[in-house]
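Chemist: This structure is in structure tokens; I'll ask about it shortly.
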Amino acid sequence: MLERERLSPGIVAVALSVWSVRVYGKRRRWKQWEAEFTCLCCGEGWARDKLQDALFMLPPSTASELRVQVERLDAVLLERTHHDPMEETELAWWHRRC
């Protein structure tokens with residue numbers, strides 16, 4: 001319902017897939033429906049931004065499963081990266097990791 005009314009159909013699944021690839025640093029062949037979201041300028045941060053939007057828009061009970069998946073990926077990213085002090089402080093924390 002959220003995707004149909006406020007986002008795009010399937011966009012949360014795409015964002016979760018793209019974010020997972022970013023977090024684990026895997027190279028893989030993108031599915032056709034993911035490809036438009038994986039360019040270097042958009043794919044990495046875009047995916048986490050879209051997941052954050054979905055977490056805020058979904059009712060708490062519905063968001064809980066997604067939140068668990070996102071938090072697991074975030075924990076891995078935090079372990080594998082470090083804070084980039086040169087990034088703008090207004091950016092979300094995931095945009096300030098390197």
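By order in the structure tokens, chains are A, B, ...; within a chain, residues start at 1; ligands start at 1, following the order shown.
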Using only C-alpha atoms, what table do you get, as CSV, when you list each residue of segment 52-75 of chain A with an atom no more than 12 Å from segment 90-97 of chain A, its nearest pair of atoms, and their distance in Å rounded to one decimal, rows by chain then rising number?

Modeler:
```
residue,atom,partner,partner_atom,distance
A:Gln52,CA,A:Ala92,CA,10.0
A:Val70,CA,A:Trp94,CA,11.8
A:Glu71,CA,A:Trp94,CA,12.0
A:Leu73,CA,A:Trp94,CA,11.1
A:Asp74,CA,A:Trp94,CA,8.2
A:Ala75,CA,A:Trp94,CA,11.0
```

Chemist: Mind writing the picked residues with C-alpha atoms as a PDB file, in the first residue's frame?

Modeler:
```pdb
ATOM      1  CA  GLN A  52      14.807   5.494   5.915  1.00  0.00           C
ATOM      2  CA  VAL A  70      18.157  -2.439   7.922  1.00  0.00           C
ATOM      3  CA  GLU A  71      19.723  -2.365  11.393  1.00  0.00           C
ATOM      4  CA  LEU A  73      23.031  -4.088   7.470  1.00  0.00           C
ATOM      5  CA  ASP A  74      23.827  -0.812   9.220  1.00  0.00           C
ATOM      6  CA  ALA A  75      25.767  -2.656  11.925  1.00  0.00           C
TER       7      ALA A  75
END
```
